[in-house]
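One file, upload.tsv, is given below (TSV, C-alpha atoms).
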```tsv
chain	number	residue	atom	x	y	z
R	1	MET	CA	-11.55	8.77	28.03
R	2	LEU	CA	-11.97	6.03	25.43
R	3	ALA	CA	-8.83	4.77	23.66
R	4	ILE	CA	-8.99	2.68	20.47
R	5	PHE	CA	-5.81	1.15	19.04
R	6	GLN	CA	-6.47	-0.23	15.57
R	7	PHE	CA	-3.99	-2.93	14.53
R	8	ASP	CA	-4.98	-2.53	10.92
R	9	SER	CA	-5.51	-5.63	8.75
R	10	ALA	CA	-3.32	-7.89	10.86
R	11	ALA	CA	-3.23	-11.52	9.71
R	12	LEU	CA	-4.85	-13.36	12.61
R	13	PRO	CA	-2.99	-16.71	12.20
R	14	LEU	CA	0.35	-14.87	12.18
R	15	LEU	CA	-0.74	-12.74	15.13
R	16	GLU	CA	-1.68	-15.85	17.12
R	17	GLU	CA	1.64	-17.50	16.27
R	18	MET	CA	3.60	-14.45	17.42
R	19	LEU	CA	1.53	-14.22	20.62
R	20	ASP	CA	2.28	-17.89	21.37
R	21	ASP	CA	5.99	-17.19	20.81
R	22	GLY	CA	5.98	-14.24	23.21
R	23	ARG	CA	6.82	-11.72	20.49
R	24	LEU	CA	3.86	-9.38	21.13
R	25	PRO	CA	4.00	-8.73	24.89
R	26	THR	CA	1.78	-5.64	24.92
R	27	LEU	CA	-1.03	-7.33	23.02
R	28	ALA	CA	-0.64	-10.46	25.15
R	29	ALA	CA	-0.97	-8.41	28.35
R	30	LEU	CA	-4.07	-6.63	27.03
R	31	ARG	CA	-5.65	-9.94	26.04
R	32	ALA	CA	-4.91	-11.41	29.47
R	33	ARG	CA	-6.56	-8.44	31.20
R	34	GLY	CA	-9.52	-8.04	28.87
R	35	ARG	CA	-11.68	-10.03	26.47
R	36	TRP	CA	-10.77	-11.45	23.05
R	37	ASP	CA	-13.72	-11.39	20.67
R	38	THR	CA	-14.12	-12.23	17.00
R	39	ILE	CA	-16.28	-10.37	14.51
R	40	ASP	CA	-19.19	-12.12	12.87
R	41	ALA	CA	-18.09	-13.12	9.37
R	42	GLU	CA	-21.41	-11.91	7.95
R	43	ALA	CA	-20.52	-8.38	9.10
R	44	THR	CA	-17.39	-8.32	6.90
R	45	PHE	CA	-18.76	-9.58	3.60
R	46	LEU	CA	-17.50	-6.41	1.89
R	47	GLN	CA	-14.13	-5.97	3.54
R	48	SER	CA	-13.33	-2.46	2.33
R	49	SER	CA	-16.62	-1.25	3.79
R	50	THR	CA	-15.35	-2.06	7.28
R	51	TYR	CA	-13.44	1.21	7.58
R	52	MET	CA	-16.49	3.34	6.89
R	53	THR	CA	-18.62	1.24	9.23
R	54	LEU	CA	-16.03	1.49	12.02
R	55	CYS	CA	-15.85	5.27	11.94
R	56	THR	CA	-19.62	5.86	11.58
R	57	GLY	CA	-21.28	2.88	13.27
R	58	VAL	CA	-23.50	2.52	10.18
R	59	ASP	CA	-23.87	-0.74	8.24
R	60	VAL	CA	-22.64	-0.84	4.63
R	61	ARG	CA	-26.21	-1.51	3.49
R	62	ASN	CA	-27.03	1.98	4.74
R	63	HIS	CA	-23.88	3.98	3.98
R	64	GLY	CA	-23.23	2.24	0.62
R	65	ILE	CA	-19.45	2.88	0.56
R	66	TYR	CA	-17.94	-0.54	-0.13
R	67	SER	CA	-14.70	0.64	-1.76
R	68	ALA	CA	-12.42	3.65	-2.08
R	69	VAL	CA	-13.88	4.12	-5.57
R	70	PRO	CA	-17.45	2.78	-5.58
R	71	TRP	CA	-19.55	2.77	-8.73
R	72	SER	CA	-21.79	5.79	-9.31
R	73	ALA	CA	-24.94	4.66	-11.11
R	74	SER	CA	-25.94	8.23	-11.99
R	75	ASP	CA	-22.53	9.00	-13.56
R	76	GLN	CA	-21.96	5.47	-14.91
R	77	ARG	CA	-18.38	5.51	-13.66
R	78	PRO	CA	-16.41	4.98	-10.44
R	79	ARG	CA	-16.00	8.01	-8.19
R	80	PHE	CA	-13.72	8.51	-5.23
R	81	MET	CA	-15.50	7.89	-1.94
R	82	TYR	CA	-14.98	11.41	-0.58
R	83	THR	CA	-17.34	12.79	-3.24
R	84	TYR	CA	-20.28	10.82	-1.81
R	85	PRO	CA	-22.47	11.92	1.10
R	86	HIS	CA	-21.80	10.06	4.31
R	87	PRO	CA	-23.20	9.57	7.80
R	88	PRO	CA	-21.37	11.58	10.46
R	89	THR	CA	-18.21	9.99	11.81
R	90	ILE	CA	-17.72	9.47	15.52
R	91	TRP	CA	-15.33	12.43	15.66
R	92	GLU	CA	-17.84	14.67	13.87
R	93	ARG	CA	-20.56	13.61	16.33
R	94	LEU	CA	-18.26	14.27	19.29
R	95	THR	CA	-17.31	17.68	17.87
R	96	ALA	CA	-21.01	18.57	17.63
R	97	ALA	CA	-21.34	17.57	21.30
R	98	GLY	CA	-18.38	19.73	22.31
R	99	ARG	CA	-16.14	16.72	23.00
R	100	ARG	CA	-12.49	16.49	21.94
R	101	SER	CA	-10.91	13.72	19.88
R	102	LEU	CA	-7.39	12.76	18.83
R	103	ILE	CA	-7.61	10.83	15.55
R	104	VAL	CA	-4.38	9.55	13.97
R	105	ASP	CA	-4.20	8.03	10.49
R	106	PRO	CA	-7.69	6.72	9.82
R	107	ILE	CA	-7.72	4.82	6.51
R	108	LEU	CA	-10.62	5.34	4.12
R	109	ALA	CA	-12.42	7.64	6.53
R	110	TRP	CA	-13.94	11.04	5.87
R	111	TRP	CA	-12.11	14.15	6.97
R	112	PRO	CA	-14.04	16.48	9.23
R	113	ALA	CA	-14.89	20.01	8.13
R	114	THR	CA	-14.29	21.18	11.70
R	115	MET	CA	-12.74	19.43	14.63
R	116	GLU	CA	-12.68	19.68	18.39
R	117	GLY	CA	-9.26	18.25	19.10
R	118	VAL	CA	-6.73	16.97	16.54
R	119	PHE	CA	-7.21	15.08	13.27
R	120	LEU	CA	-3.94	13.81	11.78
R	121	SER	CA	-3.75	11.97	8.47
R	122	GLY	CA	-0.69	10.78	6.54
R	123	TRP	CA	1.48	10.77	9.65
R	124	GLN	CA	3.03	7.28	9.45
R	125	PHE	CA	3.37	7.64	5.69
R	126	GLU	CA	1.69	9.54	2.89
R	127	ASP	CA	0.07	8.00	-0.13
R	128	ARG	CA	-2.24	9.52	-2.67
R	129	LEU	CA	-5.18	7.19	-2.09
R	130	VAL	CA	-5.83	6.19	1.51
R	131	SER	CA	-3.44	8.24	3.65
R	132	ARG	CA	-3.29	11.80	2.36
R	133	GLY	CA	-1.38	14.40	4.31
R	134	LEU	CA	-3.81	16.54	6.33
R	135	SER	CA	-4.30	17.90	9.82
R	136	LEU	CA	-6.82	19.89	11.79
R	137	PRO	CA	-5.86	22.37	13.12
R	138	GLY	CA	-4.17	23.15	9.84
R	139	GLY	CA	-0.66	23.72	11.15
R	140	MET	CA	-0.57	20.72	13.49
R	141	ARG	CA	1.01	18.28	11.05
R	142	ARG	CA	3.73	20.77	10.13
R	143	ASP	CA	4.37	21.53	13.81
R	144	LEU	CA	4.68	17.84	14.70
R	145	GLY	CA	6.86	17.26	11.64
R	146	ARG	CA	9.38	19.83	12.87
R	147	ARG	CA	9.69	17.96	16.17
R	148	HIS	CA	9.43	14.35	15.02
R	149	GLY	CA	10.41	14.41	11.34
R	150	ARG	CA	8.32	14.39	8.19
R	151	PRO	CA	6.56	11.20	7.08
R	152	PRO	CA	7.86	9.31	4.03
R	153	ARG	CA	5.94	9.15	0.77
R	154	LEU	CA	4.91	5.52	0.12
R	155	ASP	CA	2.59	5.41	-2.88
R	156	ASP	CA	1.53	1.87	-3.72
R	157	VAL	CA	2.70	0.50	-7.06
R	158	TYR	CA	0.76	-2.49	-8.34
R	159	GLY	CA	3.48	-4.48	-10.00
R	160	THR	CA	7.00	-5.73	-9.33
R	161	ARG	CA	9.43	-3.66	-7.27
R	162	GLN	CA	13.17	-3.15	-7.07
R	163	VAL	CA	14.70	-4.93	-4.09
R	164	SER	CA	16.43	-1.74	-2.93
R	165	GLU	CA	13.12	0.13	-2.91
R	166	LEU	CA	11.35	-2.61	-0.96
R	167	LEU	CA	14.16	-2.61	1.61
R	168	ARG	CA	13.70	1.15	2.08
R	169	TRP	CA	9.95	0.63	2.53
R	170	ARG	CA	10.67	-1.97	5.20
R	171	GLU	CA	12.71	0.57	7.17
R	172	HIS	CA	9.98	3.21	6.88
R	173	LEU	CA	7.17	0.83	7.89
R	174	VAL	CA	9.06	-0.57	10.87
R	175	ALA	CA	9.70	3.01	12.04
R	176	ALA	CA	6.08	4.10	11.47
R	177	PRO	CA	4.52	2.88	14.78
R	178	ASP	CA	7.01	4.95	16.78
R	179	ARG	CA	5.83	8.01	14.86
R	180	VAL	CA	2.30	7.36	16.16
R	181	ALA	CA	3.51	6.87	19.73
R	182	ASP	CA	5.75	9.96	19.66
R	183	ALA	CA	3.07	12.27	18.26
R	184	THR	CA	0.41	10.91	20.61
R	185	LEU	CA	2.52	11.28	23.75
R	186	ASP	CA	3.53	14.76	22.59
R	187	LEU	CA	-0.10	15.83	22.20
R	188	LEU	CA	-1.26	14.12	25.41
R	189	GLY	CA	1.34	16.13	27.26
R	190	ARG	CA	-0.28	19.34	26.07
R	191	GLU	CA	-4.00	18.64	25.59
R	192	ASN	CA	-6.91	16.61	26.95
R	193	PHE	CA	-9.12	14.36	24.81
R	194	ASP	CA	-12.34	12.40	25.30
R	195	LEU	CA	-11.51	9.94	22.50
R	196	ILE	CA	-8.14	8.71	21.22
R	197	TRP	CA	-8.25	6.62	18.04
R	198	LEU	CA	-4.88	5.47	16.68
R	199	ASN	CA	-4.81	3.43	13.50
R	200	PHE	CA	-1.55	1.57	12.90
R	201	GLY	CA	-2.04	1.48	9.13
R	202	CYS	CA	1.58	0.49	8.59
R	203	ALA	CA	0.56	-3.12	9.37
R	204	HIS	CA	-1.95	-2.96	6.51
R	205	LYS	CA	0.55	-1.62	3.98
R	206	ALA	CA	3.23	-4.05	5.17
R	207	GLY	CA	0.84	-6.93	4.50
R	208	HIS	CA	0.52	-5.88	0.88
R	209	HIS	CA	4.26	-5.84	0.29
R	210	PHE	CA	5.85	-8.30	2.73
R	211	TRP	CA	3.44	-11.23	2.94
R	212	ASP	CA	5.35	-12.82	0.07
R	213	PRO	CA	7.97	-10.24	-0.88
R	214	LEU	CA	9.75	-12.37	-3.48
R	215	ALA	CA	6.53	-12.49	-5.49
R	216	VAL	CA	6.68	-8.73	-6.02
R	217	THR	CA	10.42	-8.15	-6.53
R	218	GLU	CA	12.41	-7.80	-9.71
R	219	GLY	CA	15.74	-9.50	-10.41
R	220	ASP	CA	17.93	-11.66	-8.25
R	221	VAL	CA	17.73	-11.37	-4.47
R	222	SER	CA	20.67	-12.16	-2.23
R	223	GLU	CA	20.23	-14.47	0.75
R	224	ASP	CA	20.68	-11.58	3.19
R	225	ASP	CA	18.15	-9.39	1.38
R	226	GLU	CA	15.67	-12.26	1.15
R	227	ARG	CA	15.97	-12.86	4.89
R	228	THR	CA	15.46	-9.16	5.60
R	229	LEU	CA	12.44	-8.89	3.31
R	230	ARG	CA	10.79	-12.04	4.63
R	231	SER	CA	11.07	-10.71	8.18
R	232	GLY	CA	9.47	-7.40	7.22
R	233	LEU	CA	5.90	-8.21	8.23
R	234	THR	CA	6.75	-9.68	11.63
R	235	ALA	CA	9.12	-6.75	12.30
R	236	VAL	CA	6.27	-4.30	11.65
R	237	TYR	CA	3.93	-6.28	13.93
R	238	GLU	CA	6.53	-6.19	16.71
R	239	ALA	CA	6.97	-2.44	16.20
R	240	VAL	CA	3.20	-1.90	16.45
R	241	ASP	CA	3.11	-3.91	19.67
R	242	ALA	CA	5.96	-1.87	21.15
R	243	ALA	CA	4.34	1.42	20.14
R	244	MET	CA	1.03	0.42	21.72
R	245	GLY	CA	2.98	-0.25	24.91
```
Once you've parsed the file, please lay out its structure as structure tokens.
Amino acid sequence: MLAIFQFDSAALPLLEEMLDDGRLPTLAALRARGRWDTIDAEATFLQSSTYMTLCTGVDVRNHGIYSAVPWSASDQRPRFMYTYPHPPTIWERLTAAGRRSLIVDPILAWWPATMEGVFLSGWQFEDRLVSRGLSLPGGMRRDLGRRHGRPPRLDDVYGTRQVSELLRWREHLVAAPDRVADATLDLLGRENFDLIWLNFGCAHKAGHHFWDPLAVTEGDVSEDDERTLRSGLTAVYEAVDAAMG
């Protein structure tokens, strides 16, 4: 079995600082036992294309999907990526080979038409663009939701936010990694898989909103709320580390 844990869009300097401080023990233990590599900068010149390349193994110069809404020359307008043809994803290729996969919360990745195993999207949170609620088999997400609770709806808003809303998002995003761990352990107790791919997309969304939270909040912020908001990103990173463990 191959297991991939995707710590999505983590800020490497912050990650290194937290590792040095002993705040990410799971990741530190994995690094000590394995190998720590960096990706060639030339391979990430179109950052949003990385997701499509990861799940297909095909370079952006061949798959052409560099954004969630790339430009369509024939239509002379942007179109959502799911309307474009795409190379087969790793889970589609494994399905064709009769192998089983457990895929949880891939961001900007194509949904399979059929699936050997379980495909779960919008499990840590739902949003209308990159993490839509979907599962294969069709009732799996509903079944897991009855046992582990339904995911929150966290649609990105590009503008300033109310402090109270951002505090609620912090709670949801810190709780999100446990949702991945709970669902995964639940499914592993019942089924066998050849590939497990877990994407902790909560780290990505937390980066958008908690890197500099006061820059995106409206009105006055109390000292306690400011402290809580400023700790949001590191709290999510610690929760991801614990869930991976």
Shell of 9 Å around range 113-121 of chain R, only C-alpha atoms, local chain residues under 3 positions omitted, as a ChimeraX atom specification: /R:91-92,94-96,98-107,124-126,131-137,140-141,187,191-193
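Nearest-residue note for Asp241 in chain R: choosing from R:Met81, R:Ala206, R:Leu24, R:Leu195, the minimum distance belongs to R:Leu24, counting all atoms listed in the file.
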For Ser222 in chain R: contacts at 10 Å, only C-alpha atoms, fewer than 5 positions along chain excluded, given as a PyMOL selection string: chain R and resi 163+227-228
Point-to-point distance in Å for CA of Arg170 in chain R and CA of Phe210 in chain R: 8.3 Å
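When CA of His204 in chain R is paired with CA of Tyr51 in chain R, their separation reads 12.3 Å.
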Give me, as CSV, the closest atom pair and its distance (Å, one decimal) for every residue of range 89-143 of chain R within a cut-off of 12 Å of range 60-77 of chain R, counting only C-alpha atoms, rows sorted by chain and rising number.
```
residue,atom,partner,partner_atom,distance
R:Thr89,CA,R:His63,CA,11.4
R:Ile107,CA,R:Ala68,CA,9.9
R:Leu108,CA,R:Ala68,CA,6.7
R:Ala109,CA,R:Ala68,CA,9.5
R:Trp110,CA,R:Ala68,CA,11.0
R:Arg128,CA,R:Ala68,CA,11.8
R:Leu129,CA,R:Ala68,CA,8.1
R:Val130,CA,R:Ala68,CA,7.9
R:Ser131,CA,R:Ala68,CA,11.6
```
Got a sec to write range 148-173 of chain R of the block to a file, N, CA, C and O atoms, as a PDB file, in the first residue's frame?
```pdb
ATOM      1  N   HIS R 148     -19.674  10.990  11.920  1.00  0.00           N
ATOM      2  CA  HIS R 148     -18.617  11.919  12.323  1.00  0.00           C
ATOM      3  C   HIS R 148     -19.022  13.387  12.209  1.00  0.00           C
ATOM      4  O   HIS R 148     -18.200  14.271  12.466  1.00  0.00           O
ATOM      5  N   GLY R 149     -20.259  13.652  11.842  1.00  0.00           N
ATOM      6  CA  GLY R 149     -20.719  15.029  11.710  1.00  0.00           C
ATOM      7  C   GLY R 149     -20.520  15.571  10.303  1.00  0.00           C
ATOM      8  O   GLY R 149     -19.621  15.142   9.580  1.00  0.00           O
ATOM      9  N   ARG R 150     -21.370  16.513   9.938  1.00  0.00           N
ATOM     10  CA  ARG R 150     -21.301  17.087   8.595  1.00  0.00           C
ATOM     11  C   ARG R 150     -20.219  18.167   8.539  1.00  0.00           C
ATOM     12  O   ARG R 150     -19.964  18.852   9.523  1.00  0.00           O
ATOM     13  N   PRO R 151     -19.596  18.333   7.385  1.00  0.00           N
ATOM     14  CA  PRO R 151     -18.563  19.376   7.257  1.00  0.00           C
ATOM     15  C   PRO R 151     -19.183  20.766   7.218  1.00  0.00           C
ATOM     16  O   PRO R 151     -20.323  20.946   6.766  1.00  0.00           O
ATOM     17  N   PRO R 152     -18.446  21.778   7.675  1.00  0.00           N
ATOM     18  CA  PRO R 152     -18.947  23.152   7.597  1.00  0.00           C
ATOM     19  C   PRO R 152     -18.841  23.688   6.171  1.00  0.00           C
ATOM     20  O   PRO R 152     -18.069  23.175   5.360  1.00  0.00           O
ATOM     21  N   ARG R 153     -19.617  24.723   5.902  1.00  0.00           N
ATOM     22  CA  ARG R 153     -19.543  25.414   4.619  1.00  0.00           C
ATOM     23  C   ARG R 153     -18.638  26.629   4.790  1.00  0.00           C
ATOM     24  O   ARG R 153     -18.935  27.540   5.563  1.00  0.00           O
ATOM     25  N   LEU R 154     -17.506  26.653   4.084  1.00  0.00           N
ATOM     26  CA  LEU R 154     -16.528  27.741   4.215  1.00  0.00           C
ATOM     27  C   LEU R 154     -16.195  28.301   2.841  1.00  0.00           C
ATOM     28  O   LEU R 154     -15.123  28.065   2.290  1.00  0.00           O
ATOM     29  N   ASP R 155     -17.122  29.049   2.272  1.00  0.00           N
ATOM     30  CA  ASP R 155     -16.881  29.677   0.974  1.00  0.00           C
ATOM     31  C   ASP R 155     -15.987  30.893   1.144  1.00  0.00           C
ATOM     32  O   ASP R 155     -16.261  31.769   1.976  1.00  0.00           O
ATOM     33  N   ASP R 156     -14.919  30.956   0.367  1.00  0.00           N
ATOM     34  CA  ASP R 156     -14.013  32.091   0.449  1.00  0.00           C
ATOM     35  C   ASP R 156     -14.705  33.382   0.032  1.00  0.00           C
ATOM     36  O   ASP R 156     -15.481  33.408  -0.926  1.00  0.00           O
ATOM     37  N   VAL R 157     -14.409  34.444   0.773  1.00  0.00           N
ATOM     38  CA  VAL R 157     -14.888  35.784   0.448  1.00  0.00           C
ATOM     39  C   VAL R 157     -13.654  36.656   0.279  1.00  0.00           C
ATOM     40  O   VAL R 157     -12.823  36.756   1.184  1.00  0.00           O
ATOM     41  N   TYR R 158     -13.510  37.253  -0.885  1.00  0.00           N
ATOM     42  CA  TYR R 158     -12.319  38.050  -1.164  1.00  0.00           C
ATOM     43  C   TYR R 158     -12.596  39.498  -0.777  1.00  0.00           C
ATOM     44  O   TYR R 158     -13.056  40.309  -1.551  1.00  0.00           O
ATOM     45  N   GLY R 159     -12.307  39.783   0.465  1.00  0.00           N
ATOM     46  CA  GLY R 159     -12.547  41.098   1.033  1.00  0.00           C
ATOM     47  C   GLY R 159     -12.394  41.008   2.533  1.00  0.00           C
ATOM     48  O   GLY R 159     -11.932  40.005   3.061  1.00  0.00           O
ATOM     49  N   THR R 160     -12.775  42.067   3.247  1.00  0.00           N
ATOM     50  CA  THR R 160     -12.630  42.053   4.697  1.00  0.00           C
ATOM     51  C   THR R 160     -13.716  41.189   5.337  1.00  0.00           C
ATOM     52  O   THR R 160     -14.787  40.977   4.763  1.00  0.00           O
ATOM     53  N   ARG R 161     -13.428  40.712   6.560  1.00  0.00           N
ATOM     54  CA  ARG R 161     -14.312  39.789   7.250  1.00  0.00           C
ATOM     55  C   ARG R 161     -14.629  40.318   8.642  1.00  0.00           C
ATOM     56  O   ARG R 161     -13.841  41.028   9.256  1.00  0.00           O
ATOM     57  N   GLN R 162     -15.785  39.907   9.162  1.00  0.00           N
ATOM     58  CA  GLN R 162     -16.101  40.178  10.553  1.00  0.00           C
ATOM     59  C   GLN R 162     -15.224  39.313  11.453  1.00  0.00           C
ATOM     60  O   GLN R 162     -14.957  38.153  11.146  1.00  0.00           O
ATOM     61  N   VAL R 163     -14.780  39.875  12.565  1.00  0.00           N
ATOM     62  CA  VAL R 163     -13.928  39.139  13.486  1.00  0.00           C
ATOM     63  C   VAL R 163     -14.615  37.870  13.971  1.00  0.00           C
ATOM     64  O   VAL R 163     -14.009  36.798  14.036  1.00  0.00           O
ATOM     65  N   SER R 164     -15.910  37.977  14.302  1.00  0.00           N
ATOM     66  CA  SER R 164     -16.638  36.818  14.818  1.00  0.00           C
ATOM     67  C   SER R 164     -16.669  35.683  13.795  1.00  0.00           C
ATOM     68  O   SER R 164     -16.547  34.505  14.149  1.00  0.00           O
ATOM     69  N   GLU R 165     -16.804  36.038  12.514  1.00  0.00           N
ATOM     70  CA  GLU R 165     -16.827  35.009  11.472  1.00  0.00           C
ATOM     71  C   GLU R 165     -15.456  34.354  11.344  1.00  0.00           C
ATOM     72  O   GLU R 165     -15.349  33.125  11.225  1.00  0.00           O
ATOM     73  N   LEU R 166     -14.397  35.144  11.384  1.00  0.00           N
ATOM     74  CA  LEU R 166     -13.053  34.595  11.252  1.00  0.00           C
ATOM     75  C   LEU R 166     -12.709  33.693  12.446  1.00  0.00           C
ATOM     76  O   LEU R 166     -12.017  32.683  12.291  1.00  0.00           O
ATOM     77  N   LEU R 167     -13.205  34.040  13.622  1.00  0.00           N
ATOM     78  CA  LEU R 167     -12.994  33.182  14.791  1.00  0.00           C
ATOM     79  C   LEU R 167     -13.696  31.842  14.620  1.00  0.00           C
ATOM     80  O   LEU R 167     -13.166  30.794  15.007  1.00  0.00           O
ATOM     81  N   ARG R 168     -14.895  31.863  14.028  1.00  0.00           N
ATOM     82  CA  ARG R 168     -15.603  30.594  13.765  1.00  0.00           C
ATOM     83  C   ARG R 168     -14.833  29.760  12.746  1.00  0.00           C
ATOM     84  O   ARG R 168     -14.730  28.536  12.886  1.00  0.00           O
ATOM     85  N   TRP R 169     -14.308  30.409  11.711  1.00  0.00           N
ATOM     86  CA  TRP R 169     -13.511  29.681  10.717  1.00  0.00           C
ATOM     87  C   TRP R 169     -12.288  29.043  11.370  1.00  0.00           C
ATOM     88  O   TRP R 169     -11.915  27.923  11.014  1.00  0.00           O
ATOM     89  N   ARG R 170     -11.669  29.753  12.286  1.00  0.00           N
ATOM     90  CA  ARG R 170     -10.503  29.183  12.974  1.00  0.00           C
ATOM     91  C   ARG R 170     -10.881  27.874  13.655  1.00  0.00           C
ATOM     92  O   ARG R 170     -10.157  26.874  13.551  1.00  0.00           O
ATOM     93  N   GLU R 171     -12.006  27.853  14.362  1.00  0.00           N
ATOM     94  CA  GLU R 171     -12.447  26.632  15.044  1.00  0.00           C
ATOM     95  C   GLU R 171     -12.661  25.505  14.043  1.00  0.00           C
ATOM     96  O   GLU R 171     -12.238  24.361  14.268  1.00  0.00           O
ATOM     97  N   HIS R 172     -13.329  25.809  12.928  1.00  0.00           N
ATOM     98  CA  HIS R 172     -13.612  24.778  11.925  1.00  0.00           C
ATOM     99  C   HIS R 172     -12.322  24.235  11.311  1.00  0.00           C
ATOM    100  O   HIS R 172     -12.186  23.016  11.099  1.00  0.00           O
ATOM    101  N   LEU R 173     -11.374  25.125  11.009  1.00  0.00           N
ATOM    102  CA  LEU R 173     -10.150  24.683  10.337  1.00  0.00           C
ATOM    103  C   LEU R 173      -9.224  23.918  11.279  1.00  0.00           C
ATOM    104  O   LEU R 173      -8.532  22.997  10.855  1.00  0.00           O
TER     105      LEU R 173
END
```
